Amino acid sequence: MMYGHKYALLSKKQKKKQKNKSFVGVQGAVFQKSPLAAGGNNMSDKIFIRMGDGERVKLSTAEIKEDISVGTMDAARRGRIPEMTPEEQEQLFEILADPARVVGVSPGEEVIVTDDGCSMSFYSGQDGGGVGIPMSRLQAILTYERACGADTTSMGHSDYSYKPVKPIINFEMNEYYTCSMMTTVPFFYGAQPNMGLYFQPDGPCPDPAELLLTGKIKEARQSQEEACAHLRKDLVFVGKKLAGVGCEGLNFDTCGSAGDADFLAALLALRELRREIPQMPVIMGSSGEFVIGMHGEVTFDGQRLAGMYPHEQVKVVEAAGAGIYGMAVNTNTGKSTAWNLSRAVTFCKAAVEAAQIPVHVNVGMGVGGVPMMEQPPIDSVSRVSKSLVQIGKADGL
Amino acid sequence: MSDEIFAAAIEAIEKGDAEKAAEIVRLGLDRGIDGMELLNKGFVPGINKVGDLFGEGRLFLPELMMSATAMQKVTDLLNAGFPEGKMKTRGKVLLGTVEGDLHDIGKTIVAALFKANGFEVLDLGRDVSVKRFIEEAENFGADIIGTSALLTTTMTVQKELQEELKRSGLKDKYKTMVGGAPVTRRWADRIGADAYAEDAGEGVRKALELLKK
């Protein structure tokens with residue numbers, strides 16, 4: 001025995017504990033298990049995984065497989081779409097159970113990563129999800145492009161909503177033009193429609209949330225319709241102005257965050273911009289796995305928007321003229337990454353199958369199966385990315 | 001016969017038809033069905049179904065509000081028929097989005113579902129200061145203070161509320177609940193909130209659990 005006389009002095013309990021930390025090799029030699037294996041990152045033992053809030057936990061193979069199964073069933077039931085096949089569920093399990101901290105797709109399977117405000121992460125503070133480096137927007141954009149090897153890059157106002165851009169559009173046009181003279185990869189202007197800014201006290205329309213609570217449903221709907229018209233107008237205004245300085249593309253990010261009328265405004269503006277400026281592509285991203293029905297009755301091309309799931313959202317986004325659809329699936333912080341990712345992959349597969357345009361899945365904090373953390377951990381982000389591309393067949397991230 | 005009444009109650013709530021719901025209350029009581037049974041086997045399953053459909057994106061906020069109004073009418077009618085004290089509100093809940101945060105859609109949904117489930121709700125709206133939360137809770141006689149924050153930059157106000165409650169000796173007087181996109185159970189544990197809920201439906205369940213303690 002490798003521990004010699006010291007082993008003989010141990011109690012039964014201590015000996016049992018010691019044996020669990022060692023194993024016998026093929027020629028009878030006794031080896032210590034590595035701390036990683038002993039800790040459970042072994043395919044036959046507990047597997048390191050995270051919860052949706054980022055907490056590190058260890059689950060058994062059976063528990064992870066159960067979460068994958070329940071997750072895909074949940075997505076299928078909600079979206080009325082097919083579940084992942086048993087083979088796909090097994091593939092997802094293998095990706096999650098991979099002992100490597102960082103995983104990736106095989107060479108040749110890489111996809112485009114569209115920028116979603118990444119350069120802002122350089123200069124915004126930690127509470128804004130950034131790292132607080134004192135640098136200008138131009139420096140951040142060029143650093144992201146050249147040092148990080150970005151496929152596309154973008155700039156946006158620090159509020160990241162279109163409405164505040166309107167009064168400062170001339171400054172934004174100048175800044176965009178200056179930056180675009182130095183970037184090589186496609187350079188987008190991005191922000192959120194954020195219809196909430198059109199309600200009192202920030203905007204002209206009565207707050208529908210307050211109206212609804214007092215039972216004034218008709219008035220709440222009217223208010224949203226008014227806000228929708230204001231928002232559409234502002235999105236078109238900003239888009240046209242930026243097109244005037246050669247904007248290479250717009251990003252309508254997180255559409256529908258204030259409900260179905262918010263989503264409608266983005267679709268209408270997108271259609272108008274594409275008709276008038278066909279050379280300027282637009283990415284349209286959603287804000288959740290289904291469009292929230294704050295209004296409940298608004299339609300686009302005769303289709304009710306409220307309650308649309310990704311495979312339905314992509315069809316209206318496509319019809320409005322978007323170049324890329326950015327899919328979002330909310331992460332449940334109380335469930336494991338296995339459960340969350342299983343749902344995201346199931347929704348992704350259905351959306352990609354329905355789409356004629358590329359589907360790029362949001363994999364930021366709290367979406368797509370990525371835990372809700374200001375700095376999402378690379379172990380989760382890389383597993384989410386690999387799974388969405390290899391199993392969900394996402395065209396990009 | 002009772003089953004038919006219960007089914008009709010579920011349907012009336014699901015459709016948000018307050019008049020029909022009131023008619024079913026009267027019909028059920030006339031036929032000798034106990035008011036509490038009518039509520040628990042008909043109207044409560046109805047509002048639970050509405051909550052589930054809303055969570056799946058199959059029913060929308062205006063419909064949810066109509067269902068909540070119908071439920072309110074039902075509880076008012078049944079309440080009037082009970083001897084005093086038999087049927088009380090399930091609890092008083094004070095809600096608001098924290099100071100600096102103007103997002104109130106999620107909080108509005110929470111308020112609607114709490115009302116629909118028989119809680120007395122005071123919704124303070126958005127951009128609510130810690131001081132106001134405490135003042136209003138005292139005036140309202142709240143059992144629970146629920147705060148919402150959508151931003152990582154504003155969720156710290158939820159922590160400030162906990163600290164202020166402790167400082168003013170009111171921590172044990174109120175149960176506190178937190179929610180919002182960046183908020184997690186771990187955050188709730190860290191700041192000392194009594195409960196965290198992922199969505200409105202879970203909020204109602206957690207509130208009921210808290211009030212049982």
# chains A, B, ... in the order shown; residues from 1 in each chain; ligands from 1
>>> select_by_dssp(residues="segment 94-129 of chain B", states="strand (DSSP E)", output="PDB file with C-alpha atoms, in the first residue's frame")
ATOM      1  CA  LEU B  94     -47.175  46.974  -1.352  1.00  0.00           C
ATOM      2  CA  LEU B  95     -45.477  46.990  -4.750  1.00  0.00           C
ATOM      3  CA  GLY B  96     -43.221  49.350  -6.661  1.00  0.00           C
ATOM      4  CA  THR B  97     -40.281  49.682  -9.020  1.00  0.00           C
ATOM      5  CA  GLU B 120     -55.077  43.709  -1.379  1.00  0.00           C
ATOM      6  CA  VAL B 121     -52.493  45.528  -3.481  1.00  0.00           C
ATOM      7  CA  LEU B 122     -51.118  49.049  -3.301  1.00  0.00           C
ATOM      8  CA  ASP B 123     -49.030  49.713  -6.389  1.00  0.00           C
TER       9      ASP B 123
END
>>> interface_residues(of="chain A", to="chain B", cutoff="6 Å", atoms="only C-alpha atoms", output="PDB file with N, CA and C atoms, in the first residue's frame")
ATOM      1  N   ARG A  78     -44.752  24.895 -25.079  1.00  0.00           N
ATOM      2  CA  ARG A  78     -45.077  26.322 -25.172  1.00  0.00           C
ATOM      3  C   ARG A  78     -45.142  26.788 -26.631  1.00  0.00           C
ATOM      4  N   ASP A 127     -21.122  48.080 -13.118  1.00  0.00           N
ATOM      5  CA  ASP A 127     -22.564  47.981 -12.905  1.00  0.00           C
ATOM      6  C   ASP A 127     -23.336  48.029 -14.211  1.00  0.00           C
ATOM      7  N   ALA A 209     -49.423  50.993 -18.176  1.00  0.00           N
ATOM      8  CA  ALA A 209     -49.365  50.130 -16.996  1.00  0.00           C
ATOM      9  C   ALA A 209     -50.304  50.667 -15.916  1.00  0.00           C
ATOM     10  N   GLY A 293     -47.849  40.429 -24.735  1.00  0.00           N
ATOM     11  CA  GLY A 293     -49.065  41.106 -25.182  1.00  0.00           C
ATOM     12  C   GLY A 293     -49.489  42.196 -24.222  1.00  0.00           C
ATOM     13  N   MET A 294     -48.806  43.315 -24.251  1.00  0.00           N
ATOM     14  CA  MET A 294     -49.246  44.456 -23.431  1.00  0.00           C
ATOM     15  C   MET A 294     -50.505  45.074 -24.042  1.00  0.00           C
ATOM     16  N   GLY A 296     -52.099  43.373 -27.011  1.00  0.00           N
ATOM     17  CA  GLY A 296     -52.816  42.115 -27.248  1.00  0.00           C
ATOM     18  C   GLY A 296     -53.502  41.997 -28.590  1.00  0.00           C
ATOM     19  N   GLY A 307     -47.728  36.984 -28.279  1.00  0.00           N
ATOM     20  CA  GLY A 307     -47.640  35.534 -28.106  1.00  0.00           C
ATOM     21  C   GLY A 307     -46.843  34.816 -29.173  1.00  0.00           C
TER      22      GLY A 307
END
>>> closest_residue(among="A:Asp115, A:Glu83, A:Asp45, A:Glu272", to="Gly326 of chain A", atoms="only C-alpha atoms")
A:Asp115
>>> closest_residue(among="A:Met181, A:Val113, A:Leu267, A:Ile378", to="Phe300 of chain A", atoms="only C-alpha atoms")
A:Leu267
>>> atom_distance(atom1="atom CA of Leu150 of chain B", atom2="atom CA of Asp101 of chain B")
7.0 Å
>>> select_by_dssp(residues="segment 69-156 of chain B", states="alpha helix (DSSP H)", output="PyMOL selection string")
chain B and resi 69-81+105-116+130-140+156
>>> residues_around(residues="Glu135 of chain B", least_positions_apart="3", cutoff="12 Å", atoms="only C-alpha atoms", output="ChimeraX atom specification")
/B:94,124,128-132,138-142,145,161,164-165,168,170
>>> write_last_selection(atoms="N, CA and C atoms", output="PDB file, in the first residue's frame")
ATOM      1  N   LEU B  94     -47.597  45.676  -0.827  1.00  0.00           N
ATOM      2  CA  LEU B  94     -47.175  46.974  -1.352  1.00  0.00           C
ATOM      3  C   LEU B  94     -46.146  46.703  -2.445  1.00  0.00           C
ATOM      4  N   LEU B 124     -47.286  51.351  -6.009  1.00  0.00           N
ATOM      5  CA  LEU B 124     -46.734  52.708  -5.930  1.00  0.00           C
ATOM      6  C   LEU B 124     -46.163  53.180  -7.269  1.00  0.00           C
ATOM      7  N   VAL B 128     -39.674  54.623  -7.193  1.00  0.00           N
ATOM      8  CA  VAL B 128     -40.108  54.798  -5.797  1.00  0.00           C
ATOM      9  C   VAL B 128     -38.890  54.772  -4.858  1.00  0.00           C
ATOM     10  N   SER B 129     -38.790  55.776  -4.023  1.00  0.00           N
ATOM     11  CA  SER B 129     -37.644  55.865  -3.108  1.00  0.00           C
ATOM     12  C   SER B 129     -37.823  54.909  -1.926  1.00  0.00           C
ATOM     13  N   VAL B 130     -36.723  54.588  -1.286  1.00  0.00           N
ATOM     14  CA  VAL B 130     -36.751  53.724  -0.094  1.00  0.00           C
ATOM     15  C   VAL B 130     -37.634  54.354   0.980  1.00  0.00           C
ATOM     16  N   LYS B 131     -37.464  55.666   1.137  1.00  0.00           N
ATOM     17  CA  LYS B 131     -38.238  56.385   2.169  1.00  0.00           C
ATOM     18  C   LYS B 131     -39.742  56.221   1.917  1.00  0.00           C
ATOM     19  N   ARG B 132     -40.128  56.354   0.647  1.00  0.00           N
ATOM     20  CA  ARG B 132     -41.566  56.269   0.323  1.00  0.00           C
ATOM     21  C   ARG B 132     -42.082  54.844   0.522  1.00  0.00           C
ATOM     22  N   GLU B 138     -46.148  51.637   6.092  1.00  0.00           N
ATOM     23  CA  GLU B 138     -46.674  51.940   7.428  1.00  0.00           C
ATOM     24  C   GLU B 138     -48.134  52.401   7.342  1.00  0.00           C
ATOM     25  N   ASN B 139     -48.406  53.304   6.387  1.00  0.00           N
ATOM     26  CA  ASN B 139     -49.774  53.826   6.238  1.00  0.00           C
ATOM     27  C   ASN B 139     -50.758  52.755   5.778  1.00  0.00           C
ATOM     28  N   PHE B 140     -50.287  51.894   4.884  1.00  0.00           N
ATOM     29  CA  PHE B 140     -51.147  50.877   4.268  1.00  0.00           C
ATOM     30  C   PHE B 140     -51.342  49.662   5.185  1.00  0.00           C
ATOM     31  N   GLY B 141     -50.417  49.492   6.096  1.00  0.00           N
ATOM     32  CA  GLY B 141     -50.446  48.304   6.955  1.00  0.00           C
ATOM     33  C   GLY B 141     -50.078  47.061   6.178  1.00  0.00           C
ATOM     34  N   ALA B 142     -49.043  47.201   5.348  1.00  0.00           N
ATOM     35  CA  ALA B 142     -48.654  46.107   4.456  1.00  0.00           C
ATOM     36  C   ALA B 142     -48.138  44.890   5.219  1.00  0.00           C
ATOM     37  N   ILE B 145     -43.662  43.819   1.374  1.00  0.00           N
ATOM     38  CA  ILE B 145     -43.183  44.893   0.494  1.00  0.00           C
ATOM     39  C   ILE B 145     -42.462  44.206  -0.664  1.00  0.00           C
ATOM     40  N   LEU B 161     -33.144  49.243   0.792  1.00  0.00           N
ATOM     41  CA  LEU B 161     -34.422  49.093   1.519  1.00  0.00           C
ATOM     42  C   LEU B 161     -34.244  48.150   2.704  1.00  0.00           C
ATOM     43  N   GLU B 164     -32.360  49.952   5.383  1.00  0.00           N
ATOM     44  CA  GLU B 164     -33.172  50.987   6.035  1.00  0.00           C
ATOM     45  C   GLU B 164     -34.211  50.361   6.965  1.00  0.00           C
ATOM     46  N   LEU B 165     -34.768  49.236   6.540  1.00  0.00           N
ATOM     47  CA  LEU B 165     -35.738  48.539   7.401  1.00  0.00           C
ATOM     48  C   LEU B 165     -35.066  48.091   8.700  1.00  0.00           C
ATOM     49  N   SER B 168     -34.307  51.135  10.910  1.00  0.00           N
ATOM     50  CA  SER B 168     -35.476  51.724  11.576  1.00  0.00           C
ATOM     51  C   SER B 168     -36.242  50.708  12.437  1.00  0.00           C
ATOM     52  N   LEU B 170     -37.724  47.974  11.578  1.00  0.00           N
ATOM     53  CA  LEU B 170     -38.962  47.470  10.968  1.00  0.00           C
ATOM     54  C   LEU B 170     -38.762  46.172  10.192  1.00  0.00           C
TER      55      LEU B 170
END
>>> residues_around(residues="Val381 of chain A", least_positions_apart="2", cutoff="12 Å", atoms="only C-alpha atoms", output="MDAnalysis selection string")
chainID A and resid 49:50 52 54 95:96 101:104 337 341 362:373 375:379 383:388 397
